[in-house]
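**Student:** Hey, dropping input04.cif in here, mmCIF, C-alpha atoms:
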data_target
#
loop_
_atom_site.group_PDB
_atom_site.id
_atom_site.type_symbol
_atom_site.label_atom_id
_atom_site.label_comp_id
_atom_site.auth_asym_id
_atom_site.auth_seq_id
_atom_site.Cartn_x
_atom_site.Cartn_y
_atom_site.Cartn_z
ATOM 1 C CA MET A 223 34.328 -23.205 -91.866
ATOM 2 C CA SER A 224 34.538 -19.834 -90.198
ATOM 3 C CA ARG A 225 36.419 -17.039 -91.879
ATOM 4 C CA SER A 226 39.004 -16.941 -89.061
ATOM 5 C CA LYS A 227 39.716 -20.680 -89.470
ATOM 6 C CA GLY A 228 40.026 -20.162 -93.215
ATOM 7 C CA VAL A 229 42.511 -17.321 -92.743
ATOM 8 C CA GLN A 230 44.508 -19.481 -90.312
ATOM 9 C CA ALA A 231 44.576 -22.393 -92.777
ATOM 10 C CA GLU A 232 45.698 -20.094 -95.602
ATOM 11 C CA SER A 233 48.500 -18.682 -93.423
ATOM 12 C CA GLU A 234 49.649 -22.222 -92.590
ATOM 13 C CA ALA A 235 49.433 -23.055 -96.292
ATOM 14 C CA CYS A 236 51.628 -20.086 -97.224
ATOM 15 C CA ALA A 237 54.263 -21.085 -94.652
ATOM 16 C CA TYR A 238 54.212 -24.661 -95.967
ATOM 17 C CA LEU A 239 54.524 -23.513 -99.583
ATOM 18 C CA GLU A 240 57.423 -21.204 -98.733
ATOM 19 C CA ARG A 241 59.228 -24.160 -97.119
ATOM 20 C CA LEU A 242 58.790 -25.954 -100.462
ATOM 21 C CA GLY A 243 60.401 -23.058 -102.336
ATOM 22 C CA PHE A 244 57.313 -21.193 -103.508
ATOM 23 C CA GLU A 245 57.204 -17.402 -103.601
ATOM 24 C CA ILE A 246 53.792 -16.094 -102.572
ATOM 25 C CA VAL A 247 52.654 -13.541 -105.164
ATOM 26 C CA GLU A 248 49.155 -12.768 -103.878
ATOM 27 C CA ARG A 249 46.551 -13.988 -101.418
ATOM 28 C CA ASN A 250 42.765 -13.864 -101.650
ATOM 29 C CA PHE A 251 42.240 -12.612 -105.190
ATOM 30 C CA PHE A 252 38.510 -11.976 -105.428
ATOM 31 C CA ALA A 253 36.648 -12.322 -108.709
ATOM 32 C CA ARG A 254 32.941 -12.463 -109.340
ATOM 33 C CA TYR A 255 33.251 -16.227 -109.862
ATOM 34 C CA GLY A 256 35.013 -16.873 -106.590
ATOM 35 C CA GLU A 257 38.284 -16.427 -104.806
ATOM 36 C CA ILE A 258 41.760 -17.685 -105.535
ATOM 37 C CA ASP A 259 43.269 -18.400 -102.139
ATOM 38 C CA ILE A 260 46.943 -18.197 -103.103
ATOM 39 C CA VAL A 261 48.875 -17.230 -106.221
ATOM 40 C CA ALA A 262 52.472 -18.428 -105.982
ATOM 41 C CA ARG A 263 55.485 -18.857 -108.241
ATOM 42 C CA ARG A 264 58.075 -21.623 -108.283
ATOM 43 C CA ALA A 265 60.569 -22.471 -111.008
ATOM 44 C CA ASN A 266 59.036 -20.037 -113.523
ATOM 45 C CA LEU A 267 55.551 -21.522 -113.139
ATOM 46 C CA LEU A 268 52.537 -19.713 -111.677
ATOM 47 C CA HIS A 269 50.445 -21.788 -109.300
ATOM 48 C CA PHE A 270 46.850 -20.857 -108.487
ATOM 49 C CA ILE A 271 46.225 -22.697 -105.243
ATOM 50 C CA GLU A 272 42.924 -23.601 -103.605
ATOM 51 C CA VAL A 273 43.284 -24.355 -99.885
ATOM 52 C CA LYS A 274 40.901 -26.834 -98.255
ATOM 53 C CA SER A 275 41.213 -27.833 -94.623
ATOM 54 C CA GLY A 276 39.306 -29.767 -92.021
ATOM 55 C CA ALA A 277 39.295 -32.170 -89.103
ATOM 56 C CA GLY A 278 37.267 -35.338 -88.803
ATOM 57 C CA PHE A 279 36.657 -35.552 -92.566
ATOM 58 C CA ASP A 280 38.742 -35.408 -95.714
ATOM 59 C CA PRO A 281 38.567 -31.853 -97.103
ATOM 60 C CA ILE A 282 39.610 -33.069 -100.539
ATOM 61 C CA PHE A 283 35.940 -33.892 -101.156
ATOM 62 C CA ASN A 284 35.174 -30.157 -101.084
ATOM 63 C CA ILE A 285 36.945 -29.791 -104.420
ATOM 64 C CA THR A 286 34.127 -30.494 -106.826
ATOM 65 C CA PRO A 287 33.946 -30.151 -110.607
ATOM 66 C CA SER A 288 31.837 -26.988 -110.211
ATOM 67 C CA LYS A 289 34.419 -25.547 -107.792
ATOM 68 C CA ILE A 290 37.200 -26.248 -110.291
ATOM 69 C CA GLU A 291 35.187 -24.560 -113.047
ATOM 70 C CA LYS A 292 34.729 -21.428 -110.910
ATOM 71 C CA LEU A 293 38.435 -21.397 -110.040
ATOM 72 C CA GLN A 294 39.363 -21.630 -113.720
ATOM 73 C CA LYS A 295 37.150 -18.626 -114.489
ATOM 74 C CA ALA A 296 38.689 -16.690 -111.601
ATOM 75 C CA LEU A 297 42.241 -17.474 -112.711
ATOM 76 C CA ARG A 298 41.459 -16.300 -116.249
ATOM 77 C CA LEU A 299 40.265 -12.995 -114.763
ATOM 78 C CA TYR A 300 43.444 -12.815 -112.682
ATOM 79 C CA LEU A 301 45.559 -13.294 -115.810
ATOM 80 C CA ALA A 302 43.536 -10.644 -117.651
ATOM 81 C CA LYS A 303 44.300 -8.158 -114.854
ATOM 82 C CA HIS A 304 47.879 -9.354 -114.310
ATOM 83 C CA PRO A 305 49.217 -10.537 -117.688
ATOM 84 C CA SER A 306 52.050 -13.030 -117.453
ATOM 85 C CA LYS A 307 54.045 -15.004 -119.963
ATOM 86 C CA LEU A 308 54.660 -17.741 -117.413
ATOM 87 C CA PRO A 309 52.888 -21.073 -117.771
ATOM 88 C CA TYR A 310 50.413 -21.777 -114.984
ATOM 89 C CA CYS A 311 48.470 -24.517 -113.274
ATOM 90 C CA LEU A 312 45.642 -24.906 -110.801
ATOM 91 C CA ASP A 313 46.602 -26.730 -107.608
ATOM 92 C CA ALA A 314 44.908 -27.779 -104.378
ATOM 93 C CA LEU A 315 46.548 -27.770 -100.973
ATOM 94 C CA ILE A 316 44.742 -30.070 -98.564
ATOM 95 C CA ILE A 317 45.290 -29.560 -94.838
ATOM 96 C CA ARG A 318 44.070 -32.348 -92.571
ATOM 97 C CA TYR A 319 43.964 -31.605 -88.852
ATOM 98 C CA GLY A 320 44.179 -34.630 -86.597
ATOM 99 C CA GLY A 321 44.724 -33.761 -82.950
ATOM 100 C CA GLU A 322 48.423 -33.068 -82.471
ATOM 101 C CA ARG A 323 49.226 -33.824 -86.100
ATOM 102 C CA THR A 324 48.619 -31.675 -89.171
ATOM 103 C CA GLU A 325 49.073 -33.218 -92.609
ATOM 104 C CA PHE A 326 49.627 -31.221 -95.799
ATOM 105 C CA GLU A 327 49.061 -32.619 -99.277
ATOM 106 C CA LEU A 328 49.816 -30.548 -102.372
ATOM 107 C CA LEU A 329 47.992 -31.712 -105.487
ATOM 108 C CA GLU A 330 49.505 -29.990 -108.499
ATOM 109 C CA ASN A 331 47.693 -29.389 -111.775
ATOM 110 C CA ILE A 332 44.295 -30.708 -110.678
ATOM 111 C CA THR A 333 42.748 -29.937 -114.070
ATOM 112 C CA GLN A 334 45.056 -32.211 -116.027
ATOM 113 C CA GLY A 335 42.958 -34.947 -117.570
#
Any chance you could put this one into structure tokens?
**Tutor:**
Amino acid sequence: MSRSKGVQAESEACAYLERLGFEIVERNFFARYGEIDIVARRANLLHFIEVKSGAGFDPIFNITPSKIEKLQKALRLYLAKHPSKLPYCLDALIIRYGGERTEFELLENITQG
């Protein structure tokens, strides 16, 4: 996906999350292990959110175990730089484009086993 499409998807994701009551804390936190697309807060819980989008395929398949591992390392670096006493979780926001229709699916706490 091109960078401009990624930025557009992340902007749509932020608007969607705000409609759900999330407060966007930060976007595009870069760490040597990767990038956290969105850091948001809702109900005294920090959410580290990976945004995946696409048309003609299901972008959920782009969230692999190795991607999750990199995101976990990046979020630990985020917390080291921005200490917080709030509990946190790693989420995925899937955006599926289908012609006139766009579907959003928020998967919370994707590391819970």
**Student:** List as JSON lines every residue of range 264-330 of chain A that is in contact with range 232-239 of chain A, defined as an atom at most 10 Å from one of its atoms (using all atoms listed in the file), together with the nearest atom pair and the distance in Å rounded to one decimal, sorted by chain and then rising number.
**Tutor:**
{"residue": "A:Arg264", "atom": "CA", "partner": "A:Leu239", "partner_atom": "CA", "distance": 9.6}
{"residue": "A:Ile271", "atom": "CA", "partner": "A:Ala235", "partner_atom": "CA", "distance": 9.5}
{"residue": "A:Glu272", "atom": "CA", "partner": "A:Glu232", "partner_atom": "CA", "distance": 9.2}
{"residue": "A:Val273", "atom": "CA", "partner": "A:Glu232", "partner_atom": "CA", "distance": 6.5}
{"residue": "A:Lys274", "atom": "CA", "partner": "A:Glu232", "partner_atom": "CA", "distance": 8.7}
{"residue": "A:Ser275", "atom": "CA", "partner": "A:Glu232", "partner_atom": "CA", "distance": 9.0}
{"residue": "A:Leu315", "atom": "CA", "partner": "A:Ala235", "partner_atom": "CA", "distance": 7.2}
{"residue": "A:Ile316", "atom": "CA", "partner": "A:Ala235", "partner_atom": "CA", "distance": 8.7}
{"residue": "A:Ile317", "atom": "CA", "partner": "A:Ala235", "partner_atom": "CA", "distance": 7.8}
{"residue": "A:Phe326", "atom": "CA", "partner": "A:Tyr238", "partner_atom": "CA", "distance": 8.0}
{"residue": "A:Leu328", "atom": "CA", "partner": "A:Leu239", "partner_atom": "CA", "distance": 8.9}
**Student:** Evaluate the PyMOL selection byres ((chain A and resi 281-293) around 10) against this structure - the residues, as an MDAnalysis selection string, please.
**Tutor:** chainID A and resid 253:259 270:280 294:299 312:319 327 329 332:333
**Student:** Centre and edge lengths of an axis-aligned box around all listed atoms of range 300-313 of chain A, with 8 Å added on each side, are to be given in Å to one decimal, as AutoDock Vina command-line options.
**Tutor:**
--center_x 49.1 --center_y -17.4 --center_z -113.8 --size_x 27.2 --size_y 34.6 --size_z 28.4
**Student:** Could you state the separation of CA of Ala262 in chain A and CA of Glu325 in chain A in Å, given to one decimal place?
**Tutor:**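 We find that CA of Ala262 in chain A and CA of Glu325 in chain A lie 20.2 Å from each other.
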**Student:** Report the distance between CA of Thr324 in chain A and CA of Ala231 in chain A in Å, rounded to one decimal place.
**Tutor:** 10.7 Å
**Student:** Quick one: pull the distance between CA of Gln230 in chain A and CA of Arg263 in chain A, Å, one decimal.
**Tutor:**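 Taking CA of Gln230 in chain A as the start and CA of Arg263 in chain A as the end point, the length is 21.0 Å.
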